$ cat input.cif   # mmCIF, C-alpha atoms
data_coords
#
loop_
_atom_site.label_atom_id
_atom_site.label_comp_id
_atom_site.auth_asym_id
_atom_site.auth_seq_id
_atom_site.Cartn_x
_atom_site.Cartn_y
_atom_site.Cartn_z
CA GLU A 878 12.07 -4.71 -26.66
CA THR A 879 12.22 -6.01 -23.08
CA ASP A 880 11.33 -2.55 -21.71
CA SER A 881 8.35 -2.41 -24.05
CA ALA A 882 7.23 -5.90 -23.00
CA ALA A 883 7.60 -4.95 -19.34
CA SER A 884 5.55 -1.80 -19.88
CA ASP A 885 2.82 -3.75 -21.70
CA GLY A 886 2.88 -6.36 -18.94
CA CYS A 887 2.29 -3.73 -16.26
CA ARG A 888 -0.77 -2.50 -18.17
CA MET A 889 -2.08 -6.08 -18.47
CA LEU A 890 -1.78 -6.85 -14.76
CA SER A 891 -4.40 -5.55 -12.37
CA HIS A 892 -5.99 -6.52 -9.10
CA PRO A 893 -9.43 -8.15 -8.96
CA VAL A 894 -12.40 -5.86 -8.34
CA ARG A 895 -15.64 -6.92 -6.76
CA PRO A 896 -18.40 -7.72 -9.27
CA THR A 897 -21.30 -5.27 -9.38
CA TRP A 898 -24.07 -6.01 -6.90
CA ASP A 899 -26.98 -4.26 -5.24
CA LYS A 900 -29.17 -4.72 -2.17
CA GLY A 901 -31.42 -7.10 -4.09
CA THR A 902 -28.55 -9.53 -4.76
CA SER A 903 -28.75 -12.53 -2.48
CA ALA A 904 -25.66 -13.60 -0.53
CA ALA A 905 -25.58 -16.91 -2.42
CA ASP A 906 -25.79 -15.19 -5.82
CA LEU A 907 -23.10 -12.68 -4.87
CA GLU A 908 -20.84 -15.48 -3.68
CA LYS A 909 -21.28 -17.33 -7.01
CA GLN A 910 -20.62 -14.12 -8.99
CA GLU A 911 -17.46 -13.43 -6.99
CA GLU A 912 -16.20 -17.01 -7.41
CA ALA A 913 -16.83 -17.02 -11.18
CA TYR A 914 -15.25 -13.59 -11.63
CA PHE A 915 -12.22 -14.48 -9.49
CA LYS A 916 -11.61 -17.74 -11.34
CA GLY A 917 -11.62 -15.81 -14.64
CA TRP A 918 -9.36 -13.11 -13.20
CA CYS A 919 -6.83 -15.73 -12.04
CA SER A 920 -6.81 -17.35 -15.51
CA ARG A 921 -6.42 -14.00 -17.32
CA THR A 922 -3.67 -12.87 -14.94
CA SER A 923 -1.73 -16.14 -15.31
CA ALA A 924 -2.01 -15.89 -19.11
CA SER A 925 -0.82 -12.27 -19.03
CA ILE A 926 2.20 -13.24 -16.94
CA GLU A 927 3.07 -16.13 -19.27
CA ALA A 928 2.80 -13.75 -22.24
CA LEU A 929 5.61 -11.64 -20.76
CA GLY A 930 8.07 -14.34 -21.80
CA PRO A 931 11.52 -14.11 -20.21
CA ILE A 932 10.58 -11.34 -17.77
CA ALA A 933 7.68 -13.36 -16.36
CA ALA A 934 10.01 -14.70 -13.65
CA ASP A 935 10.33 -11.12 -12.32
CA VAL A 936 6.60 -10.83 -11.60
CA ALA A 937 5.81 -11.23 -7.92
CA PRO A 938 3.36 -14.00 -6.99
CA PHE A 939 -0.22 -12.82 -6.56
CA GLU A 940 -2.79 -13.82 -3.97
CA LEU A 941 -4.91 -16.78 -5.05
CA ASN A 942 -7.16 -16.84 -1.99
CA LEU A 943 -10.53 -15.27 -2.82
CA GLU A 944 -11.22 -14.62 0.88
CA VAL A 945 -8.27 -12.19 1.04
CA TRP A 946 -9.68 -10.20 -1.87
CA ARG A 947 -13.20 -10.28 -0.37
CA GLN A 948 -11.80 -8.71 2.78
CA LEU A 949 -10.13 -5.97 0.74
CA TRP A 950 -13.33 -5.30 -1.23
CA ARG A 951 -15.43 -4.99 1.91
CA VAL A 952 -12.95 -2.79 3.74
CA MET A 953 -12.73 -0.48 0.72
CA GLU A 954 -16.53 -0.29 0.42
CA GLN A 955 -16.85 0.71 4.08
CA SER A 956 -13.97 3.21 4.12
CA ASP A 957 -13.95 6.91 3.39
CA VAL A 958 -10.15 7.00 3.13
CA VAL A 959 -7.86 4.09 2.26
CA ALA A 960 -4.31 4.14 3.65
CA LEU A 961 -1.74 2.11 1.73
CA ILE A 962 1.34 1.28 3.79
CA ALA A 963 4.50 1.00 1.69
CA ASP A 964 8.04 0.15 2.79
CA VAL A 965 10.11 3.23 1.92
CA ARG A 966 12.99 1.04 0.75
CA ASN A 967 10.97 0.10 -2.37
CA PRO A 968 7.47 1.58 -2.16
CA THR A 969 6.45 0.88 -5.74
CA MET A 970 6.28 -2.83 -4.88
CA HIS A 971 3.50 -2.02 -2.41
CA ILE A 972 1.47 0.48 -4.45
CA PRO A 973 -0.36 -1.25 -7.31
CA PRO A 974 -1.41 1.36 -9.91
CA SER A 975 -4.66 -0.54 -10.56
CA LEU A 976 -5.56 -0.37 -6.86
CA ILE A 977 -4.87 3.37 -6.70
CA HIS A 978 -7.02 3.85 -9.82
CA ASN A 979 -9.84 1.78 -8.33
CA ILE A 980 -9.75 3.66 -5.02
CA VAL A 981 -9.64 7.23 -6.32
CA GLU A 982 -11.21 7.06 -9.80
CA VAL A 983 -13.77 4.26 -9.60
CA GLN A 984 -14.83 4.26 -5.95
CA ARG A 985 -14.12 7.98 -5.42
CA LYS A 986 -12.49 7.37 -2.03
CA GLY A 987 -9.74 9.33 -0.37
CA CYS A 988 -6.33 7.69 -0.48
CA ILE A 989 -3.06 8.24 1.34
CA VAL A 990 0.24 6.44 0.99
CA VAL A 991 2.18 6.04 4.22
CA LEU A 992 5.88 5.33 3.79
CA SER A 993 6.93 3.04 6.65
CA LYS A 994 10.36 2.19 8.04
CA CYS A 995 11.61 5.70 7.31
CA ASP A 996 13.96 5.45 10.27
CA LEU A 997 16.00 2.85 8.34
CA VAL A 998 17.03 5.25 5.58
CA SER A 999 18.29 8.82 5.31
CA GLN A 1000 15.92 11.77 5.13
CA ALA A 1001 17.24 12.54 1.64
CA PHE A 1002 16.23 9.02 0.51
CA VAL A 1003 12.72 9.51 1.96
CA ASN A 1004 12.41 12.93 0.30
CA ARG A 1005 13.36 11.51 -3.12
CA TRP A 1006 10.64 8.83 -2.84
CA LYS A 1007 8.08 11.37 -1.66
CA ARG A 1008 8.86 13.62 -4.67
CA TYR A 1009 8.69 10.67 -7.08
CA LEU A 1010 5.40 9.33 -5.70
CA THR A 1011 3.83 12.77 -5.50
CA ALA A 1012 4.67 13.28 -9.20
CA LYS A 1013 3.42 9.83 -10.28
CA LEU A 1014 0.25 9.46 -8.18
CA PRO A 1015 -2.98 11.41 -8.71
CA SER A 1016 -2.69 14.89 -7.19
CA HIS A 1017 -5.20 14.21 -4.42
CA VAL A 1018 -3.30 11.15 -3.08
CA GLY A 1019 -1.25 12.25 -0.07
CA VAL A 1020 2.20 10.79 0.60
CA PHE A 1021 3.39 10.75 4.21
CA GLU A 1022 6.30 9.27 6.13
CA PHE A 1023 6.23 7.32 9.37
CA VAL A 1024 8.96 6.45 11.84
CA SER A 1025 8.58 4.10 14.79
CA ARG A 1026 10.53 6.18 17.29
CA PRO A 1027 9.06 9.07 19.26
CA VAL A 1028 10.00 12.64 18.44
CA GLY A 1029 13.09 13.86 20.24
CA ASP A 1030 14.44 10.35 20.78
CA GLU A 1031 18.15 9.90 20.11
CA LEU A 1032 18.71 8.30 16.73
CA PRO A 1033 20.81 5.12 16.60
CA GLY A 1034 24.17 6.07 15.09
CA GLY A 1035 23.34 9.78 15.34
CA GLU A 1036 21.63 10.01 11.94
CA ARG A 1037 18.45 8.61 10.47
CA GLY A 1038 19.22 5.41 8.61
CA ALA A 1039 22.50 4.87 10.47
CA GLY A 1040 22.74 1.60 12.32
CA GLY A 1041 20.22 -0.15 10.06
CA VAL A 1042 17.73 -2.76 11.16
CA GLY A 1043 19.81 -3.84 14.18
CA ALA A 1044 19.72 -0.35 15.68
CA ARG A 1045 16.00 -0.11 15.03
CA ARG A 1046 15.36 -3.45 16.76
CA ARG A 1047 17.42 -2.36 19.78
CA TRP A 1048 15.41 0.86 20.00
CA ILE A 1049 12.06 -0.93 19.68
CA GLY A 1050 13.13 -3.47 22.30
CA ARG A 1051 13.60 -0.86 25.01
CA ARG A 1052 10.76 0.27 27.20
CA VAL A 1053 9.01 3.34 25.79
CA ARG A 1054 7.65 5.93 28.18
CA GLN A 1055 4.01 7.03 27.79
CA ASN A 1056 4.91 10.70 27.28
CA GLU A 1057 7.21 9.71 24.36
CA LEU A 1058 4.35 7.88 22.67
CA GLU A 1059 1.99 10.81 23.16
CA ALA A 1060 4.57 13.27 21.76
CA HIS A 1061 5.14 10.97 18.77
CA SER A 1062 1.39 10.67 18.10
CA ARG A 1063 0.89 14.45 18.30
CA ALA A 1064 3.84 15.14 15.99
CA THR A 1065 2.67 12.54 13.45
CA ALA A 1066 -0.87 13.94 13.43
CA LYS A 1067 0.44 17.50 13.11
CA GLY A 1068 2.64 16.44 10.18
CA LEU A 1069 -0.28 14.75 8.41
CA LEU A 1070 -2.45 17.83 8.80
CA GLN A 1071 0.30 20.21 7.63
CA ASP A 1072 1.13 18.11 4.55
CA ARG A 1073 -2.51 18.24 3.37
#
$ encode --input "input.cif" --output "structure tokens"
Amino acid sequence: ETDSAASDGCRMLSHPVRPTWDKGTSAADLEKQEEAYFKGWCSRTSASIEALGPIAADVAPFELNLEVWRQLWRVMEQSDVVALIADVRNPTMHIPPSLIHNIVEVQRKGCIVVLSKCDLVSQAFVNRWKRYLTAKLPSHVGVFEFVSRPVGDELPGGERGAGGVGARRRWIGRRVRQNELEAHSRATAKGLLQDR
């Protein structure tokens, strides 16, 4: 029963979307529409979380600042492609299904998911998440990995993921040569183009 309630709860929770407007809508009217919509969204979302009962405590807090959502709405409206950055250690926490749906199905924008901090885990771990996300996300959403170290740099502990956060901090703390950054940028761009 808990699994069913959790599944229903996930369907009930969504992110706020900007109310419909056009060029004839005044700034003051749009602001009022957004405020009224957002207030209702907050109330509905809080009620949906409370309805989850005992698992409600597991729901992450959501942003209550309308200005944050306004920034997201405007950036999405002006973008051709939206990049969602997700920590590879638990990417599903950073990829709201309602946001993906809004980006690709409603707004008809391109979308990529970039898995960050991939140098903290093994390549096999990254590959499992890439396979999972590729299977779960719409087919035209690309999933890519990113590491903070330049290509050819010696890995802390000899293997990706070895040494953990401490090794990563030590690497980031050292001075990086310009040619390493350029090689890293070229390799990342080449990987993005090949994966598409």
$ closest_residue --input "input.cif" --among "A:Asn967, A:Ser956, A:Asn1004, A:Ser999" --to "Gln984 (chain A)" --atoms "all atoms listed in the file"
A:Ser956
$ resolve_selection --input "input.cif" --expression "the PyMOL selection byres ((chain A and resi 980-983) around 9)" --output "list in words"
Met953, Val958, Val959, Ser975, Leu976, Ile977, His978, Asn979, Gln984, Arg985, Lys986, Gly987, Cys988, Pro1015, His1017 and Val1018 of chain A
$ atom_distance --input "input.cif" --atom1 "CA of Pro973 (chain A)" --atom2 "CA of Asp935 (chain A)"
15.4 Å
$ atom_distance --input "input.cif" --atom1 "CA of Lys909 (chain A)" --atom2 "CA of Glu944 (chain A)"
13.1 Å
$ closest_residue --input "input.cif" --among "A:Leu929, A:Ile972, A:Ala913, A:Ala924" --to "Lys1013 (chain A)" --atoms "all atoms listed in the file"
A:Ile972
$ atom_distance --input "input.cif" --atom1 "CA of Asp996 (chain A)" --atom2 "CA of Leu1014 (chain A)"
23.3 Å
$ closest_residue --input "input.cif" --among "A:Thr902, A:Thr1011, A:Ser993, A:Thr922" --to "Val965 (chain A)" --atoms "only C-alpha atoms"
A:Ser993
$ resolve_selection --input "input.cif" --expression "the PyMOL selection byres ((chain A and resi 894) around 10)" --output "ChimeraX atom specification"
/A:891-893,895-897,911,914-915,918,946-947,949-950,975-976,979
$ closest_residue --input "input.cif" --among "A:Val1020, A:Met970, A:Leu1010, A:Val990" --to "Ala937 (chain A)" --atoms "only C-alpha atoms"
A:Met970
$ closest_residue --input "input.cif" --among "A:Leu961, A:Leu890, A:Val945, A:Cys919" --to "Glu1022 (chain A)" --atoms "all atoms listed in the file"
A:Leu961
$ closest_residue --input "input.cif" --among "A:Leu997, A:Thr969, A:Leu941, A:Lys900" --to "Ser920 (chain A)" --atoms "all atoms listed in the file"
A:Leu941
$ decode --input "input.cif" --residues "region 897-990 of chain A" --atoms "C-alpha atoms" --output "compact mmCIF listing (two decimals), in the first residue's frame"
# COMPACT_ATOMS: atom_id res chain seq x y z
CA THR A 897 -0.57 31.66 -20.24
CA TRP A 898 0.14 35.18 -21.47
CA ASP A 899 0.60 37.05 -24.72
CA LYS A 900 2.15 40.31 -25.90
CA GLY A 901 -1.04 42.18 -25.02
CA THR A 902 -0.81 41.19 -21.34
CA SER A 903 0.45 44.07 -19.24
CA ALA A 904 3.33 43.49 -16.83
CA ALA A 905 1.05 44.28 -13.87
CA ASP A 906 -1.63 41.82 -15.05
CA LEU A 907 0.95 39.10 -15.67
CA GLU A 908 2.44 39.64 -12.23
CA LYS A 909 -1.02 39.29 -10.62
CA GLN A 910 -1.76 36.14 -12.66
CA GLU A 911 1.57 34.60 -11.64
CA GLU A 912 1.04 35.45 -7.96
CA ALA A 913 -2.50 34.03 -7.91
CA TYR A 914 -1.46 30.88 -9.78
CA PHE A 915 1.60 30.34 -7.56
CA LYS A 916 -0.39 30.76 -4.35
CA GLY A 917 -2.84 28.10 -5.59
CA TRP A 918 0.00 25.81 -6.67
CA CYS A 919 1.62 26.06 -3.22
CA SER A 920 -1.70 25.21 -1.52
CA ARG A 921 -2.38 22.25 -3.84
CA THR A 922 1.17 20.93 -3.46
CA SER A 923 1.07 21.18 0.35
CA ALA A 924 -2.30 19.36 0.38
CA SER A 925 -0.93 16.64 -1.91
CA ILE A 926 2.07 16.12 0.37
CA GLU A 927 -0.14 15.93 3.47
CA ALA A 928 -2.33 13.37 1.68
CA LEU A 929 0.67 11.05 1.39
CA GLY A 930 0.35 10.30 5.10
CA PRO A 931 3.35 8.60 6.69
CA ILE A 932 5.61 8.96 3.64
CA ALA A 933 5.07 12.74 3.51
CA ALA A 934 8.20 13.19 5.64
CA ASP A 935 10.24 11.71 2.75
CA VAL A 936 9.20 14.47 0.33
CA ALA A 937 11.93 17.04 -0.19
CA PRO A 938 11.04 20.66 0.59
CA PHE A 939 10.00 22.69 -2.44
CA GLU A 940 10.85 26.26 -3.35
CA LEU A 941 8.32 28.77 -2.01
CA ASN A 942 9.92 31.85 -3.55
CA LEU A 943 7.97 32.90 -6.66
CA GLU A 944 10.99 34.85 -7.97
CA VAL A 945 12.99 31.62 -8.30
CA TRP A 946 10.23 30.07 -10.42
CA ARG A 947 9.89 33.26 -12.51
CA GLN A 948 13.59 33.02 -13.33
CA LEU A 949 13.16 29.39 -14.41
CA TRP A 950 10.13 30.26 -16.56
CA ARG A 951 11.94 33.08 -18.34
CA VAL A 952 15.11 31.10 -18.93
CA MET A 953 13.09 28.22 -20.37
CA GLU A 954 11.12 30.56 -22.64
CA GLN A 955 14.34 32.06 -24.03
CA SER A 956 16.21 28.77 -24.44
CA ASP A 957 16.37 26.41 -27.39
CA VAL A 958 17.91 23.63 -25.28
CA VAL A 959 17.61 23.20 -21.52
CA ALA A 960 20.45 21.43 -19.69
CA LEU A 961 19.56 19.80 -16.38
CA ILE A 962 22.58 19.17 -14.17
CA ALA A 963 22.17 16.12 -11.94
CA ASP A 964 24.57 14.70 -9.35
CA VAL A 965 25.41 11.19 -10.61
CA ARG A 966 25.27 9.83 -7.06
CA ASN A 967 21.45 10.17 -7.11
CA PRO A 968 20.33 11.87 -10.32
CA THR A 969 16.63 11.18 -9.95
CA MET A 970 16.52 13.71 -7.10
CA HIS A 971 17.54 16.40 -9.60
CA ILE A 972 15.36 15.44 -12.57
CA PRO A 973 11.69 16.20 -11.90
CA PRO A 974 9.51 14.24 -14.35
CA SER A 975 7.05 17.16 -14.57
CA LEU A 976 9.87 19.51 -15.61
CA ILE A 977 11.10 17.11 -18.30
CA HIS A 978 7.52 16.79 -19.57
CA ASN A 979 7.07 20.56 -19.63
CA ILE A 980 10.37 21.13 -21.47
CA VAL A 981 10.03 18.49 -24.19
CA GLU A 982 6.28 17.93 -24.57
CA VAL A 983 4.69 21.29 -23.75
CA GLN A 984 7.35 23.82 -24.73
CA ARG A 985 8.90 21.60 -27.43
CA LYS A 986 12.45 22.48 -26.37
CA GLY A 987 15.56 20.37 -26.59
CA CYS A 988 16.70 18.86 -23.31
CA ILE A 989 19.89 17.23 -22.10
CA VAL A 990 20.73 15.76 -18.72
